[in-house]
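my_file_19.pdb, holding PDB, C-alpha atoms, pLDDT in the B column:
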```pdb
ATOM      1  CA  MET A  30      39.811  28.337  24.410  1.00 54.00           C
ATOM      2  CA  PRO A  31      36.338  27.038  23.405  1.00 59.00           C
ATOM      3  CA  ARG A  32      36.184  23.619  21.873  1.00 60.00           C
ATOM      4  CA  LEU A  33      34.838  23.391  18.326  1.00 58.00           C
ATOM      5  CA  PRO A  34      32.205  20.747  17.534  1.00 60.00           C
ATOM      6  CA  PHE A  35      34.244  19.563  14.529  1.00 55.00           C
ATOM      7  CA  PRO A  36      37.984  19.082  14.301  1.00 59.00           C
ATOM      8  CA  THR A  37      39.783  21.819  12.463  1.00 64.00           C
ATOM      9  CA  GLY A  38      39.933  21.315   8.742  1.00 61.00           C
ATOM     10  CA  PRO A  39      37.332  20.783   6.084  1.00 63.00           C
ATOM     11  CA  ARG A  40      33.984  19.362   7.094  1.00 63.00           C
ATOM     12  CA  PRO A  41      33.074  16.015   5.597  1.00 61.00           C
ATOM     13  CA  ALA A  42      30.570  16.309   2.768  1.00 63.00           C
ATOM     14  CA  PRO A  43      27.087  15.060   3.658  1.00 63.00           C
ATOM     15  CA  ARG A  44      26.338  11.659   2.212  1.00 64.00           C
ATOM     16  CA  MET A  45      23.682  11.668  -0.404  1.00 62.00           C
ATOM     17  CA  GLY A  46      21.525   8.601  -0.862  1.00 61.00           C
ATOM     18  CA  GLY A  47      22.881   6.731  -3.842  1.00 59.00           C
ATOM     19  CA  ALA A  48      21.009   4.349  -6.048  1.00 63.00           C
ATOM     20  CA  ARG A  49      19.646   1.360  -4.214  1.00 63.00           C
ATOM     21  CA  PRO A  50      20.767  -2.066  -5.305  1.00 63.00           C
ATOM     22  CA  PRO A  51      18.069  -3.968  -7.208  1.00 63.00           C
ATOM     23  CA  ALA A  52      15.694  -5.888  -4.960  1.00 61.00           C
ATOM     24  CA  PRO A  53      15.611  -9.665  -5.244  1.00 63.00           C
ATOM     25  CA  SER A  54      12.816 -10.808  -7.555  1.00 62.00           C
ATOM     26  CA  GLY A  55      10.783 -12.336  -4.706  1.00 59.00           C
ATOM     27  CA  GLN A  56      10.867  -9.122  -2.669  1.00 59.00           C
ATOM     28  CA  ALA A  57       9.706  -6.884  -5.502  1.00 58.00           C
ATOM     29  CA  LYS A  58       6.450  -8.825  -5.890  1.00 62.00           C
ATOM     30  CA  GLN A  59       5.365  -8.460  -2.266  1.00 63.00           C
ATOM     31  CA  PHE A  60       4.301  -4.831  -2.803  1.00 63.00           C
ATOM     32  CA  GLU A  61       2.331  -5.322  -6.018  1.00 67.00           C
ATOM     33  CA  SER A  62      -0.950  -5.508  -4.118  1.00 69.00           C
ATOM     34  CA  LEU A  63      -1.727  -3.824  -0.811  1.00 75.00           C
ATOM     35  CA  ARG A  64      -4.661  -4.575   1.468  1.00 79.00           C
ATOM     36  CA  ALA A  65      -5.996  -1.924   3.862  1.00 82.00           C
ATOM     37  CA  SER A  66      -6.328  -3.039   7.477  1.00 86.00           C
ATOM     38  CA  LEU A  67      -7.694   0.180   9.056  1.00 92.00           C
ATOM     39  CA  LEU A  68      -9.729   2.869   7.317  1.00 92.00           C
ATOM     40  CA  PHE A  69     -11.570   5.932   8.637  1.00 94.00           C
ATOM     41  CA  CYS A  70     -15.302   5.292   9.000  1.00 94.00           C
ATOM     42  CA  PRO A  71     -17.463   8.430   8.647  1.00 94.00           C
ATOM     43  CA  LYS A  72     -20.265   6.891  10.730  1.00 95.00           C
ATOM     44  CA  CYS A  73     -18.070   5.635  13.620  1.00 93.00           C
ATOM     45  CA  GLN A  74     -15.820   8.753  13.383  1.00 93.00           C
ATOM     46  CA  THR A  75     -12.651   6.693  13.928  1.00 94.00           C
ATOM     47  CA  ALA A  76     -10.296   4.354  12.097  1.00 94.00           C
ATOM     48  CA  THR A  77     -11.798   0.879  12.196  1.00 94.00           C
ATOM     49  CA  PRO A  78     -10.805  -2.528  10.819  1.00 95.00           C
ATOM     50  CA  ALA A  79     -11.841  -2.913   7.191  1.00 93.00           C
ATOM     51  CA  ARG A  80     -13.352  -5.926   5.447  1.00 94.00           C
ATOM     52  CA  GLU A  81     -12.666  -6.371   1.761  1.00 93.00           C
ATOM     53  CA  ARG A  82     -15.582  -7.417  -0.484  1.00 94.00           C
ATOM     54  CA  LEU A  83     -15.315  -8.355  -4.165  1.00 93.00           C
ATOM     55  CA  LEU A  84     -17.805  -6.304  -6.202  1.00 93.00           C
ATOM     56  CA  LEU A  85     -16.978  -6.931  -9.862  1.00 92.00           C
ATOM     57  CA  VAL A  86     -14.601  -8.977 -11.970  1.00 88.00           C
ATOM     58  CA  LEU A  87     -13.718  -6.894 -15.035  1.00 84.00           C
ATOM     59  CA  PRO A  88     -11.407  -7.625 -17.982  1.00 83.00           C
ATOM     60  CA  THR A  89      -9.078  -4.905 -16.658  1.00 83.00           C
ATOM     61  CA  GLY A  90      -9.072  -6.174 -13.062  1.00 86.00           C
ATOM     62  CA  SER A  91     -11.224  -6.788  -9.999  1.00 89.00           C
ATOM     63  CA  LEU A  92     -13.131  -4.074  -8.132  1.00 91.00           C
ATOM     64  CA  TYR A  93     -13.149  -4.388  -4.330  1.00 92.00           C
ATOM     65  CA  GLU A  94     -15.086  -2.418  -1.718  1.00 94.00           C
ATOM     66  CA  TYR A  95     -13.884  -1.856   1.856  1.00 94.00           C
ATOM     67  CA  LEU A  96     -16.507  -2.007   4.611  1.00 95.00           C
ATOM     68  CA  CYS A  97     -16.288  -0.929   8.261  1.00 95.00           C
ATOM     69  CA  ALA A  98     -16.093  -4.071  10.410  1.00 93.00           C
ATOM     70  CA  HIS A  99     -18.263  -2.449  13.120  1.00 94.00           C
ATOM     71  CA  CYS A 100     -21.186  -0.842  11.256  1.00 95.00           C
ATOM     72  CA  GLY A 101     -20.833  -2.046   7.636  1.00 93.00           C
ATOM     73  CA  THR A 102     -20.475   1.436   6.097  1.00 94.00           C
ATOM     74  CA  SER A 103     -18.506   1.615   2.847  1.00 94.00           C
ATOM     75  CA  THR A 104     -15.112   3.205   3.607  1.00 93.00           C
ATOM     76  CA  GLY A 105     -13.340   2.893   0.249  1.00 92.00           C
ATOM     77  CA  SER A 106     -12.651   0.842  -2.842  1.00 91.00           C
ATOM     78  CA  LYS A 107      -9.770  -0.365  -4.995  1.00 90.00           C
ATOM     79  CA  THR A 108      -9.227  -1.956  -8.392  1.00 88.00           C
ATOM     80  CA  ASP A 109      -6.611  -4.677  -8.793  1.00 86.00           C
ATOM     81  CA  GLN A 110      -5.013  -4.973 -12.189  1.00 81.00           C
ATOM     82  CA  ALA A 111      -5.674  -8.260 -13.964  1.00 67.00           C
ATOM     83  CA  GLN A 112      -2.825 -10.638 -13.153  1.00 61.00           C
ATOM     84  CA  SER A 113      -3.738 -13.354 -15.611  1.00 61.00           C
ATOM     85  CA  GLU A 114      -5.891 -13.817 -18.662  1.00 61.00           C
ATOM     86  CA  VAL A 115      -9.626 -14.014 -17.904  1.00 56.00           C
ATOM     87  CA  ARG A 116     -11.414 -16.863 -19.650  1.00 67.00           C
ATOM     88  CA  LEU A 117     -15.177 -16.977 -20.039  1.00 70.00           C
ATOM     89  CA  ILE A 118     -16.782 -20.394 -20.138  1.00 79.00           C
ATOM     90  CA  THR A 119     -19.922 -20.573 -22.258  1.00 80.00           C
ATOM     91  CA  PRO A 120     -22.256 -23.543 -22.523  1.00 75.00           C
TER
END
```

Let me see the structure of the file written as structure tokens.
Amino acid sequence: MPRLPFPTGPRPAPRMGGARPPAPSGQAKQFESLRASLLFCPKCQTATPARERLLLVLPTGSLYEYLCAHCGTSTGSKTDQAQSEVRLITP
């Protein structure tokens, strides 16, 4: 008699992923801002280390440009949302 892969009787129902417990407050903040480490460079034709350069500070956030660490070609950009109130100092 061939052996069945499951014991006779009803198969167990597959477990569905339930709701995750809330993350501790310190852990939730670690993913608010990501920094690219490797980006594809069209000039080098490979993924290369990226340098982040601040371009503009805007009221809505800061604009950054990513540059190839080997040839200096622009490989991308990102805008960070303003984390705190920006204050302008005038003479």

### Selection result for the PyMOL selection byres ((chain A and resi 98) around 8) on this file, as a PyMOL selection string
chain A and resi 77-80+96-97+99-101

### Query
Hey, what comes out of the PyMOL selection byres ((chain A and resi 83) around 9) on this file? Could you write it as a PyMOL selection string?
chain A and resi 81-82+84-86+91-95

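A straight line drawn from atom CA of A:Phe69 to atom CA of A:Gln110 is 24.4 Å long.
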
### Task
Measure the distance from atom CA of A:Gly105 to atom CA of A:Cys70 in Å and round it to one decimal.
9.3 Å

### Query
How far is it from atom CA of A:Thr89 to atom CA of A:Pro71, in Å with one decimal?
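Distance reported for this atom pair: 29.8 Å.
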
Give, as lines of an AutoDock Vina configuration file, the centre coordinates and the x, y and z edge lengths in Å to one decimal for an axis-aligned box around all listed atoms of stretch 98-110 of chain A, padded by 8 Å on each side.
```
center_x = -13.1
center_y = -0.9
center_z = 0.5
size_x = 32.2
size_y = 24.2
size_z = 41.3
```
